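Novice: To be precise about what I am sending: the file is called query21.cif and holds mmCIF, C-alpha atoms and all ligand atoms.
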```cif
data_data
#
loop_
_atom_site.label_atom_id
_atom_site.label_comp_id
_atom_site.auth_asym_id
_atom_site.auth_seq_id
_atom_site.Cartn_x
_atom_site.Cartn_y
_atom_site.Cartn_z
CA MET A 399 75.31 103.58 77.62
CA ARG A 400 72.96 104.11 80.55
CA ILE A 401 75.06 104.09 83.71
CA LEU A 402 74.05 103.93 87.38
CA VAL A 403 76.32 105.77 89.83
CA THR A 404 75.56 105.03 93.50
CA GLY A 405 76.87 107.76 95.79
CA GLY A 406 76.73 110.04 92.74
CA ALA A 407 76.08 113.21 94.78
CA GLY A 408 79.28 112.78 96.80
CA PHE A 409 82.73 114.18 96.16
CA LEU A 410 84.02 111.49 93.78
CA GLY A 411 80.58 110.46 92.50
CA SER A 412 79.72 113.96 91.26
CA HIS A 413 83.00 114.20 89.30
CA LEU A 414 82.31 110.76 87.85
CA CYS A 415 78.78 111.86 86.78
CA ASP A 416 80.30 114.94 85.07
CA ARG A 417 82.82 112.83 83.19
CA LEU A 418 80.31 110.15 82.09
CA LEU A 419 77.86 112.78 80.81
CA ALA A 420 80.72 114.54 78.97
CA GLU A 421 81.46 111.21 77.24
CA GLY A 422 77.85 111.12 76.00
CA HIS A 423 76.38 108.54 78.40
CA GLU A 424 73.10 108.72 80.32
CA VAL A 425 73.59 108.78 84.08
CA ILE A 426 71.28 107.71 86.89
CA CYS A 427 72.65 109.14 90.14
CA LEU A 428 71.43 107.30 93.24
CA ASP A 429 72.18 108.79 96.65
CA ASN A 430 70.68 109.03 100.14
CA PHE A 431 72.47 112.37 100.79
CA PHE A 432 74.14 111.18 103.99
CA THR A 433 77.41 112.91 103.05
CA GLY A 434 76.53 113.94 99.48
CA ARG A 435 75.11 117.34 98.61
CA LYS A 436 72.66 118.60 96.00
CA THR A 437 75.08 121.48 95.29
CA ASN A 438 77.59 118.92 93.94
CA ILE A 439 75.17 117.98 91.17
CA ALA A 440 72.98 121.12 90.92
CA HIS A 441 74.62 121.98 87.58
CA LEU A 442 73.49 118.59 86.18
CA LEU A 443 69.82 118.68 87.17
CA ASN A 444 68.71 120.17 83.83
CA HIS A 445 71.00 117.98 81.74
CA PRO A 446 68.83 115.76 79.49
CA GLY A 447 71.03 112.72 80.18
CA PHE A 448 70.94 113.04 83.98
CA GLU A 449 68.47 111.56 86.49
CA LEU A 450 68.62 111.86 90.27
CA VAL A 451 67.11 109.21 92.57
CA ARG A 452 67.04 109.60 96.36
CA HIS A 453 67.45 106.05 97.62
CA ASP A 454 69.48 104.04 100.12
CA VAL A 455 71.69 101.29 98.64
CA ILE A 456 70.84 98.96 101.52
CA ASP A 457 67.31 98.68 100.03
CA PRO A 458 67.02 96.84 96.69
CA PHE A 459 66.64 98.83 93.46
CA LYS A 460 65.99 98.05 89.80
CA PHE A 461 67.18 99.99 86.76
CA GLU A 462 67.78 98.91 83.16
CA VAL A 463 71.43 99.88 82.91
CA ASP A 464 74.56 98.84 81.01
CA GLN A 465 77.05 99.68 83.74
CA ILE A 466 77.02 100.29 87.50
CA TYR A 467 79.57 102.25 89.53
CA ASN A 468 79.12 101.55 93.26
CA LEU A 469 80.50 104.48 95.25
CA ALA A 470 77.84 104.80 97.95
CA CYS A 471 79.57 104.82 101.34
CA PRO A 472 80.79 107.59 103.65
CA ALA A 473 84.56 107.86 103.19
CA SER A 474 85.88 110.12 105.92
CA PRO A 475 86.63 108.58 109.35
CA PRO A 476 84.33 110.93 111.36
CA HIS A 477 81.45 110.23 108.95
CA TYR A 478 81.85 106.46 108.70
CA GLN A 479 82.31 106.20 112.49
CA PHE A 480 79.16 108.30 113.15
CA ASN A 481 76.93 105.23 112.65
CA PRO A 482 79.36 102.30 112.24
CA ILE A 483 76.69 99.60 111.92
CA LYS A 484 75.08 101.52 109.08
CA THR A 485 78.51 101.88 107.43
CA THR A 486 79.03 98.11 107.35
CA LYS A 487 75.46 97.61 106.09
CA THR A 488 76.03 100.17 103.34
CA SER A 489 79.17 98.43 102.09
CA VAL A 490 77.87 94.88 102.37
CA MET A 491 74.20 95.23 101.44
CA GLY A 492 75.01 97.91 98.87
CA ALA A 493 77.42 95.48 97.21
CA ILE A 494 74.84 92.67 97.26
CA ASN A 495 72.19 94.95 95.73
CA CYS A 496 74.54 96.21 93.00
CA LEU A 497 75.75 92.71 92.20
CA GLY A 498 72.21 91.29 92.14
CA LEU A 499 71.16 94.01 89.70
CA ALA A 500 74.30 93.51 87.57
CA LYS A 501 73.58 89.79 87.41
CA ARG A 502 69.97 90.34 86.33
CA VAL A 503 70.61 92.99 83.68
CA LYS A 504 74.10 91.72 82.69
CA ALA A 505 75.76 95.03 83.50
CA ARG A 506 79.47 95.55 84.14
CA VAL A 507 79.75 96.55 87.81
CA PHE A 508 82.49 98.61 89.47
CA GLN A 509 83.34 98.66 93.16
CA ALA A 510 85.02 101.65 94.80
CA SER A 511 87.23 99.79 97.25
CA THR A 512 89.98 101.40 99.26
CA SER A 513 93.56 101.33 100.41
CA GLU A 514 92.00 100.72 103.86
CA VAL A 515 91.80 97.04 102.93
CA TYR A 516 95.59 97.09 103.60
CA GLY A 517 94.99 98.45 107.14
CA ASP A 518 98.18 99.56 108.91
CA PRO A 519 100.42 97.87 106.35
CA HIS A 520 103.54 95.80 107.02
CA VAL A 521 104.45 95.85 103.31
CA HIS A 522 105.46 99.16 101.75
CA PRO A 523 104.50 100.34 99.14
CA GLN A 524 101.33 98.23 98.93
CA PRO A 525 100.87 95.98 95.88
CA GLU A 526 97.45 94.41 95.16
CA SER A 527 98.85 91.00 96.20
CA TYR A 528 99.30 92.18 99.83
CA TRP A 529 96.48 90.84 102.06
CA GLY A 530 96.68 93.65 104.56
CA HIS A 531 96.89 94.16 108.32
CA VAL A 532 93.45 95.20 109.53
CA ASN A 533 92.14 95.30 113.11
CA PRO A 534 88.74 93.53 112.81
CA ILE A 535 87.28 95.09 115.99
CA GLY A 536 88.61 98.65 116.03
CA ARG A 537 87.01 102.04 115.27
CA ARG A 538 87.99 101.82 111.58
CA SER A 539 86.76 98.23 111.15
CA CYS A 540 83.19 99.16 110.14
CA TYR A 541 84.68 100.74 107.03
CA ASP A 542 87.72 98.48 106.45
CA GLU A 543 85.95 95.17 106.99
CA GLY A 544 82.82 96.38 105.18
CA LYS A 545 84.95 97.18 102.12
CA ARG A 546 86.88 93.90 102.43
CA CYS A 547 83.60 91.96 102.58
CA ALA A 548 82.33 93.88 99.54
CA GLU A 549 85.44 92.77 97.63
CA THR A 550 84.73 89.18 98.69
CA LEU A 551 81.17 89.47 97.39
CA PHE A 552 82.35 90.94 94.10
CA PHE A 553 84.78 88.09 93.51
CA ASP A 554 82.26 85.40 94.57
CA TYR A 555 79.57 86.79 92.23
CA HIS A 556 82.25 86.84 89.53
CA ARG A 557 83.31 83.21 90.12
CA GLU A 558 79.85 81.78 90.88
CA ASN A 559 77.61 83.86 88.61
CA LYS A 560 80.02 85.17 85.97
CA VAL A 561 79.16 88.76 86.89
CA ASP A 562 81.40 91.16 84.97
CA ILE A 563 83.16 92.99 87.82
CA ARG A 564 85.85 95.66 88.15
CA VAL A 565 87.38 96.50 91.54
CA VAL A 566 89.54 99.55 92.21
CA ARG A 567 91.42 100.24 95.45
CA ILE A 568 91.42 104.03 95.85
CA PHE A 569 94.19 105.76 97.79
CA ASN A 570 93.50 109.14 99.48
CA THR A 571 91.96 111.40 96.83
CA TYR A 572 91.21 115.10 97.17
CA GLY A 573 89.90 118.01 95.15
CA PRO A 574 87.01 120.45 94.68
CA ARG A 575 83.62 119.38 96.15
CA MET A 576 85.08 117.72 99.23
CA HIS A 577 82.74 118.65 102.07
CA PRO A 578 84.27 121.48 104.15
CA ASN A 579 83.34 119.56 107.34
CA ASP A 580 84.30 116.22 105.90
CA GLY A 581 87.07 115.74 108.46
CA ARG A 582 89.67 114.39 106.05
CA VAL A 583 93.10 115.87 106.23
CA VAL A 584 93.28 117.88 102.98
CA SER A 585 89.93 119.63 103.47
CA ASN A 586 90.60 120.18 107.19
CA PHE A 587 94.01 121.80 106.61
CA ILE A 588 92.82 124.02 103.73
CA VAL A 589 89.66 125.18 105.53
CA GLN A 590 91.62 125.85 108.74
CA ALA A 591 94.30 127.81 106.86
CA LEU A 592 91.72 129.86 104.93
CA ARG A 593 89.87 130.71 108.16
CA GLY A 594 93.11 131.56 109.98
CA GLU A 595 92.42 128.79 112.50
CA ASP A 596 94.97 126.39 114.01
CA ILE A 597 96.05 123.52 111.74
CA THR A 598 95.23 120.30 113.62
CA LEU A 599 98.08 117.84 113.13
CA TYR A 600 97.17 114.48 114.66
CA GLY A 601 99.99 112.68 116.52
CA ASP A 602 103.52 113.81 115.74
CA GLY A 603 102.69 114.28 112.04
CA THR A 604 105.25 111.71 110.81
CA GLN A 605 102.54 109.37 109.47
CA THR A 606 102.42 109.39 105.67
CA ARG A 607 99.74 109.36 102.96
CA SER A 608 99.84 109.52 99.17
CA PHE A 609 97.39 112.01 97.67
CA CYS A 610 95.77 111.67 94.26
CA TYR A 611 93.97 114.55 92.53
CA VAL A 612 90.37 113.77 91.61
CA SER A 613 90.68 114.14 87.80
CA ASP A 614 93.53 111.59 87.73
CA LEU A 615 91.46 109.13 89.76
CA ILE A 616 88.36 109.41 87.54
CA GLU A 617 90.50 108.79 84.45
CA GLY A 618 91.71 105.57 86.12
CA PHE A 619 88.08 104.51 86.82
CA LEU A 620 87.08 104.89 83.17
CA ARG A 621 90.15 103.07 81.90
CA LEU A 622 89.50 100.14 84.25
CA MET A 623 85.87 99.89 83.08
CA ALA A 624 86.84 100.18 79.39
CA GLN A 625 89.28 97.22 79.29
CA THR A 626 88.88 93.45 79.59
CA GLU A 627 92.39 92.33 80.56
CA THR A 628 91.82 92.52 84.33
CA VAL A 629 88.86 92.66 86.71
CA GLY A 630 91.17 93.96 89.45
CA PRO A 631 91.67 94.72 92.19
CA VAL A 632 93.78 97.58 90.83
CA ASN A 633 95.38 100.27 92.99
CA ILE A 634 94.69 103.80 91.79
CA GLY A 635 96.56 106.50 93.63
CA ASN A 636 99.50 108.84 93.44
CA PRO A 637 102.75 107.23 94.64
CA GLY A 638 104.11 110.60 95.89
CA GLU A 639 104.26 110.05 99.66
CA PHE A 640 104.18 112.91 102.18
CA THR A 641 104.16 113.16 105.96
CA MET A 642 101.17 114.99 107.44
CA ARG A 643 103.60 117.63 108.72
CA GLU A 644 104.82 118.21 105.14
CA LEU A 645 101.21 118.50 103.97
CA ALA A 646 100.43 121.02 106.73
CA GLU A 647 103.50 123.11 105.83
CA LEU A 648 102.77 123.02 102.09
CA THR A 649 99.13 124.01 102.67
CA LEU A 650 100.22 126.92 104.87
CA LYS A 651 102.74 128.04 102.24
CA LEU A 652 100.11 127.97 99.46
CA VAL A 653 97.28 129.59 101.43
CA GLY A 654 99.43 132.11 103.31
CA GLY A 655 97.99 133.63 106.49
CA LYS A 656 98.91 133.25 110.12
CA SER A 657 97.64 129.81 111.17
CA LYS A 658 99.79 127.81 113.60
CA ILE A 659 100.29 124.06 113.56
CA VAL A 660 98.93 122.48 116.78
CA HIS A 661 99.06 118.81 117.77
CA ARG A 662 95.99 116.71 118.57
CA PRO A 663 95.86 113.04 119.67
CA LEU A 664 96.35 110.44 116.97
CA PRO A 665 93.06 108.56 116.27
CA SER A 666 93.11 104.82 117.09
CA ASP A 667 94.45 102.45 114.42
CA ASP A 668 95.61 105.40 112.29
CA PRO A 669 97.85 103.80 109.62
CA LYS A 670 101.48 104.91 109.89
CA GLN A 671 102.20 104.85 106.17
CA ARG A 672 100.43 104.55 102.83
CA GLN A 673 101.81 104.44 99.32
CA PRO A 674 100.29 102.66 96.34
CA ASP A 675 102.32 100.35 94.15
CA ILE A 676 100.78 101.28 90.76
CA THR A 677 102.75 98.84 88.59
CA LEU A 678 99.53 97.03 87.62
CA ALA A 679 97.65 100.23 86.70
CA ARG A 680 100.61 101.36 84.59
CA LYS A 681 100.77 97.99 82.82
CA VAL A 682 97.12 97.17 82.10
CA LEU A 683 95.53 100.63 82.06
CA GLY A 684 98.49 102.67 80.78
CA TRP A 685 97.55 104.95 83.69
CA GLU A 686 99.58 107.12 85.98
CA PRO A 687 98.76 110.36 87.80
CA LYS A 688 99.55 113.66 86.09
CA VAL A 689 98.67 116.31 88.69
CA SER A 690 101.29 117.11 91.34
CA LEU A 691 100.29 117.65 94.96
CA GLU A 692 101.13 121.35 94.72
CA GLN A 693 99.00 121.85 91.55
CA GLY A 694 96.12 119.84 92.98
CA LEU A 695 96.19 121.75 96.27
CA GLN A 696 96.10 125.03 94.35
CA HIS A 697 92.90 123.97 92.51
CA THR A 698 91.37 122.74 95.77
CA ILE A 699 92.29 125.91 97.67
CA ALA A 700 90.73 128.01 94.87
CA TYR A 701 87.53 125.96 95.23
CA PHE A 702 87.35 126.36 99.01
CA ARG A 703 87.97 130.11 98.70
CA THR A 704 84.72 130.33 96.71
CA GLN A 705 82.87 128.23 99.32
CA LEU A 706 83.88 129.90 102.58
P1 LIG B 801 81.57 111.05 99.94
O1 LIG B 801 81.18 110.85 101.36
O2 LIG B 801 81.71 112.44 99.42
O3 LIG B 801 80.56 110.28 98.96
C1 LIG B 801 79.83 109.14 99.33
C2 LIG B 801 78.43 109.29 98.76
O4 LIG B 801 77.68 108.10 99.07
C3 LIG B 801 77.67 110.47 99.35
O5 LIG B 801 77.01 111.18 98.32
C4 LIG B 801 76.68 109.81 100.30
O6 LIG B 801 75.52 110.58 100.51
C5 LIG B 801 76.41 108.51 99.58
N1 LIG B 801 75.93 107.43 100.48
C6 LIG B 801 76.45 107.06 101.68
N2 LIG B 801 75.75 106.05 102.19
C7 LIG B 801 74.76 105.77 101.29
C8 LIG B 801 73.71 104.83 101.27
N3 LIG B 801 73.52 103.95 102.26
N4 LIG B 801 72.87 104.83 100.19
C9 LIG B 801 73.03 105.71 99.17
N5 LIG B 801 74.02 106.63 99.16
C10 LIG B 801 74.87 106.65 100.22
O7 LIG B 801 82.94 110.24 99.73
P2 LIG B 801 83.88 110.07 98.45
O8 LIG B 801 85.24 110.52 98.83
O9 LIG B 801 83.24 110.65 97.25
O10 LIG B 801 83.93 108.48 98.32
C11 LIG B 801 83.20 107.78 97.31
C12 LIG B 801 83.56 106.30 97.38
O11 LIG B 801 84.96 106.13 97.15
C13 LIG B 801 83.25 105.64 98.72
O12 LIG B 801 82.76 104.35 98.49
C14 LIG B 801 84.59 105.59 99.40
O13 LIG B 801 84.67 104.52 100.30
C15 LIG B 801 85.53 105.39 98.22
N6 LIG B 801 86.89 105.86 98.53
C16 LIG B 801 87.18 107.19 98.56
C17 LIG B 801 88.46 107.60 98.88
C18 LIG B 801 88.86 109.06 98.88
O14 LIG B 801 90.01 109.35 99.21
N7 LIG B 801 88.03 110.00 98.49
C19 LIG B 801 89.45 106.66 99.20
C20 LIG B 801 89.10 105.31 99.19
C21 LIG B 801 87.82 104.92 98.84
N1 LIG B 802 94.90 114.05 110.03
C1 LIG B 802 95.48 115.14 110.68
N2 LIG B 802 94.70 116.22 110.92
C2 LIG B 802 93.41 116.32 110.54
C3 LIG B 802 92.81 115.21 109.86
C4 LIG B 802 93.59 114.09 109.64
O1 LIG B 802 96.67 115.11 111.04
O2 LIG B 802 92.77 117.37 110.79
C5 LIG B 802 95.73 112.86 109.75
C6 LIG B 802 95.12 111.53 110.16
O3 LIG B 802 95.45 111.22 111.51
C7 LIG B 802 95.77 110.58 109.18
C8 LIG B 802 95.95 111.42 107.92
O4 LIG B 802 95.87 112.78 108.34
O5 LIG B 802 97.04 110.18 109.64
C9 LIG B 802 94.89 111.15 106.86
O6 LIG B 802 93.63 111.23 107.46
P1 LIG B 802 92.27 111.16 106.65
O7 LIG B 802 91.15 111.15 107.65
O8 LIG B 802 92.26 112.22 105.60
O9 LIG B 802 92.34 109.78 105.85
P2 LIG B 802 92.75 108.26 106.22
O10 LIG B 802 93.31 108.20 107.62
O11 LIG B 802 91.49 107.49 106.08
O12 LIG B 802 93.78 107.93 105.21
#
```
Could you render the structure from this file as structure tokens?
Specialist:
Amino acid sequence: MRILVTGGAGFLGSHLCDRLLAEGHEVICLDNFFTGRKTNIAHLLNHPGFELVRHDVIDPFKFEVDQIYNLACPASPPHYQFNPIKTTKTSVMGAINCLGLAKRVKARVFQASTSEVYGDPHVHPQPESYWGHVNPIGRRSCYDEGKRCAETLFFDYHRENKVDIRVVRIFNTYGPRMHPNDGRVVSNFIVQALRGEDITLYGDGTQTRSFCYVSDLIEGFLRLMAQTETVGPVNIGNPGEFTMRELAELTLKLVGGKSKIVHRPLPSDDPKQRQPDITLARKVLGWEPKVSLEQGLQHTIAYFRTQL
């Protein structure tokens, strides 16, 4: 197949491009390089099946493709809050442009949605049936509401225009090729520990997240696109739940060194807990994560050692 990956030069997008090419597909990678990097895809530039297009998803585009994966959107809070209006535009107009193209060329189209649609959840763990608890006017809303609106568009194009959609709700994912200045917790803690700097724990560190290693996530993407039993939304994430203090301590143990844990103010609307209910992914995709947090951190630490 010929497959379009928007946001293909980003952390997840570049791993997805690798995997699709390895399966024998042709890949068109579209990216505006806001948070993506050429180094993430430099090894693919001479691959005969790979094409790179610098373009912004908020402007329309046309490609003859069989499938579309829509990943274009900054994912880390400091990056998506840098220009919040642009973040909402990217999610909403990017979705409209992908769906319009999918409708015209009859392509199956995939949306990278997020556990952020659950906001600061009152139901724990979060099943897909939970509607969420999102502040519509806070600092995270540009991302959360943009992604929620994109889901709405996907389901309306599906109902109204019979567009063949797949929607995944991604829970915190980490691994090699995260940007060292990305601002997300795993990359921050590893980079700080490797540099011997203080580990910045926001709030009291009792808030929890569930961390999925990138190869597990990409496997879930491909399984969702390959089946016809469900269009989603399907949670993909690792149900292992850790406090941020536990993550800081584990990172310090694995990296070694002399960094100290210091506290910084908790960002506004920071969700207190996050854990995916992956019953649906287990049932319809036969999917569950294989890489433990400790193994995944070791791979990620090894990557950052080569980068710093
Ligand atoms: P990332 O920031 O590394 O990648 C996003 C990519 O999209 C970058 O290459 C960036 O340059 C590109 N991009 C941003 N705005 C664009 C625009 N207007 N036009 C074209 N390209 C644009 O982040 P990531 O972690 O790889 O996330 C990829 C997708 O997965 C995002 O949609 C994100 O919301 C979603 N997601 C990720 C996580 C996670 O934990 N990594 C969790 C939930 C959802
Ligand atoms: N966090 C932290 N120190 C950091 C970066 C993040 O303690 O240097 C916390 C943050 O407050 C949140 C959790 O780690 O509770 C996950 O943050 P991240 O930005 O990675 O993702 P998200 O909040 O979107 O899940």
Novice: Given a cut-off of 7 Å, what residues near ligand LIG 801 (chain B) show up using all atoms listed in the file, put as a ChimeraX atom specification?
Specialist: /A:404-411,428-435,453-456,468-474,488,510-513,567-572,576-577
Novice: Nearest to Pro663 in chain A: which of A:Gly603, A:Gly618, A:Pro519, A:Pro476 is it, counting all atoms listed in the file?
Specialist: A:Gly603
Novice: How would you write, as a compact mmCIF listing (two decimals) with C-alpha atoms, keeping the file's coordinate frame, the set of residues no farther than 9 Å from ligand LIG 802 (chain B) when counting only C-alpha atoms and all ligand atoms?
Specialist:
```txt
# COMPACT_ATOMS: atom_id res chain seq x y z
CA ALA A 473 84.56 107.86 103.19
CA SER A 474 85.88 110.12 105.92
CA PRO A 475 86.63 108.58 109.35
CA PRO A 476 84.33 110.93 111.36
CA SER A 513 93.56 101.33 100.41
CA GLU A 514 92.00 100.72 103.86
CA ARG A 538 87.99 101.82 111.58
CA PHE A 569 94.19 105.76 97.79
CA ASN A 570 93.50 109.14 99.48
CA THR A 571 91.96 111.40 96.83
CA TYR A 572 91.21 115.10 97.17
CA ASP A 580 84.30 116.22 105.90
CA GLY A 581 87.07 115.74 108.46
CA ARG A 582 89.67 114.39 106.05
CA VAL A 583 93.10 115.87 106.23
CA VAL A 584 93.28 117.88 102.98
CA SER A 585 89.93 119.63 103.47
CA ASN A 586 90.60 120.18 107.19
CA PHE A 587 94.01 121.80 106.61
CA GLN A 590 91.62 125.85 108.74
CA ILE A 597 96.05 123.52 111.74
CA THR A 598 95.23 120.30 113.62
CA LEU A 599 98.08 117.84 113.13
CA TYR A 600 97.17 114.48 114.66
CA GLY A 601 99.99 112.68 116.52
CA ASP A 602 103.52 113.81 115.74
CA GLY A 603 102.69 114.28 112.04
CA THR A 604 105.25 111.71 110.81
CA GLN A 605 102.54 109.37 109.47
CA THR A 606 102.42 109.39 105.67
CA ARG A 607 99.74 109.36 102.96
CA SER A 608 99.84 109.52 99.17
CA THR A 641 104.16 113.16 105.96
CA MET A 642 101.17 114.99 107.44
CA ARG A 643 103.60 117.63 108.72
CA LEU A 645 101.21 118.50 103.97
CA ALA A 646 100.43 121.02 106.73
CA HIS A 661 99.06 118.81 117.77
CA ARG A 662 95.99 116.71 118.57
CA PRO A 663 95.86 113.04 119.67
CA LEU A 664 96.35 110.44 116.97
CA PRO A 665 93.06 108.56 116.27
CA SER A 666 93.11 104.82 117.09
CA ASP A 667 94.45 102.45 114.42
CA ASP A 668 95.61 105.40 112.29
CA PRO A 669 97.85 103.80 109.62
CA LYS A 670 101.48 104.91 109.89
CA GLN A 671 102.20 104.85 106.17
CA ARG A 672 100.43 104.55 102.83
```
Novice: For Arg400 in chain A, list every protein, DNA or RNA residue within 9 Å, evaluated using all atoms listed in the file, and leave out those in the same chain fewer than 4 positions away; present the list as a list in words.
Specialist: His423, Glu424, Val425, Ile426, Gly447, Glu462, Val463, Asp464, Gln465 and Ile466 of chain A
Novice: If you measure from CA of Phe461 in chain A to CA of Leu402 in chain A, what distance in Å do you get, rounded to one decimal?
Specialist: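 Those two atoms sit 7.9 Å apart.
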Novice: One number please: CA of Val566 in chain A to CA of Val632 in chain A, in Å, one decimal.
Specialist: 4.9 Å
Novice: With 3 Å on each side, where is the centre of the axis-aligned box around all listed atoms of range 607-615 of chain A, and how long are its edges in Å to one decimal, as AutoDock Vina command-line options?
Specialist:
```
--center_x 95.1 --center_y 111.8 --center_z 95.3 --size_x 15.5 --size_y 11.4 --size_z 21.2
```
Novice: Using all atoms listed in the file, which residue out of A:Gly594, A:Gly530, A:Gly684, A:Gly498 lies closest to Leu650 in chain A?
Specialist: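 Using all atoms listed in the file, the shortest distance to Leu650 in chain A belongs to A:Gly594.
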Novice: Please determine, counting all atoms listed in the file, which residue among A:Asn559, A:Pro458, A:Val515, A:Phe702 has the shortest atom-to-atom distance to Tyr528 in chain A.
Specialist: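 So, comparing all the options, the nearest one is A:Val515.
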Novice: Measure the distance from CA of Lys545 in chain A to CA of Gly517 in chain A in Å and round it to one decimal.
Specialist: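 Interatomic distance, CA of Lys545 in chain A to CA of Gly517 in chain A: 11.3 Å.
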Novice: Would you kindly return, as a ChimeraX atom specification, each protein, DNA or RNA residue with an atom no farther than 8 Å from any atom of Cys540 in chain A, considering all atoms listed in the file and excluding same-chain residues fewer than 6 positions away?
Specialist: /A:478-479,482-483,485-486
Novice: Restricting the calculation to all atoms listed in the file, which member of A:Val589, A:Ser489, A:Glu526, A:Arg506 is positioned closest to Gly544 in chain A?
Specialist: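 With all atoms listed in the file as the atom set, the closest residue is A:Ser489.
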Novice: Just the residues within 12 Å of Arg564 in chain A, please, counting all atoms listed in the file, with nothing from its chain fewer than 3 positions along; format it as JSON, numbers by chain.
Specialist: {"A": [465, 466, 467, 468, 497, 500, 505, 506, 507, 508, 509, 510, 511, 549, 552, 553, 555, 556, 561, 567, 618, 619, 620, 621, 622, 623, 624, 625, 626, 627, 628, 629, 630, 631, 632, 633]}
Novice: Which residues are close to Val689 in chain A, i.e. within 10 Å by only C-alpha atoms, leaving aside same-chain residues fewer than 3 positions away? Reply as a VMD selection string.
Specialist: chain A and resid 610 to 614 636 686 692 to 695
Novice: Under the rule that only C-alpha atoms are counted, which of A:Cys547, A:Phe448, A:Leu706, A:Asp562 is the nearest residue to Arg417 in chain A?
Specialist: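 So, comparing all the options, the nearest one is A:Phe448.
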Novice: Which residue out of A:Ile439, A:Ile616, A:Leu419, A:Val490 has the minimum interatomic distance to Glu543 in chain A when all atoms listed in the file are used?
Specialist: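 Ranking A:Ile439, A:Ile616, A:Leu419, A:Val490 by distance to Glu543 in chain A, first place goes to A:Val490.
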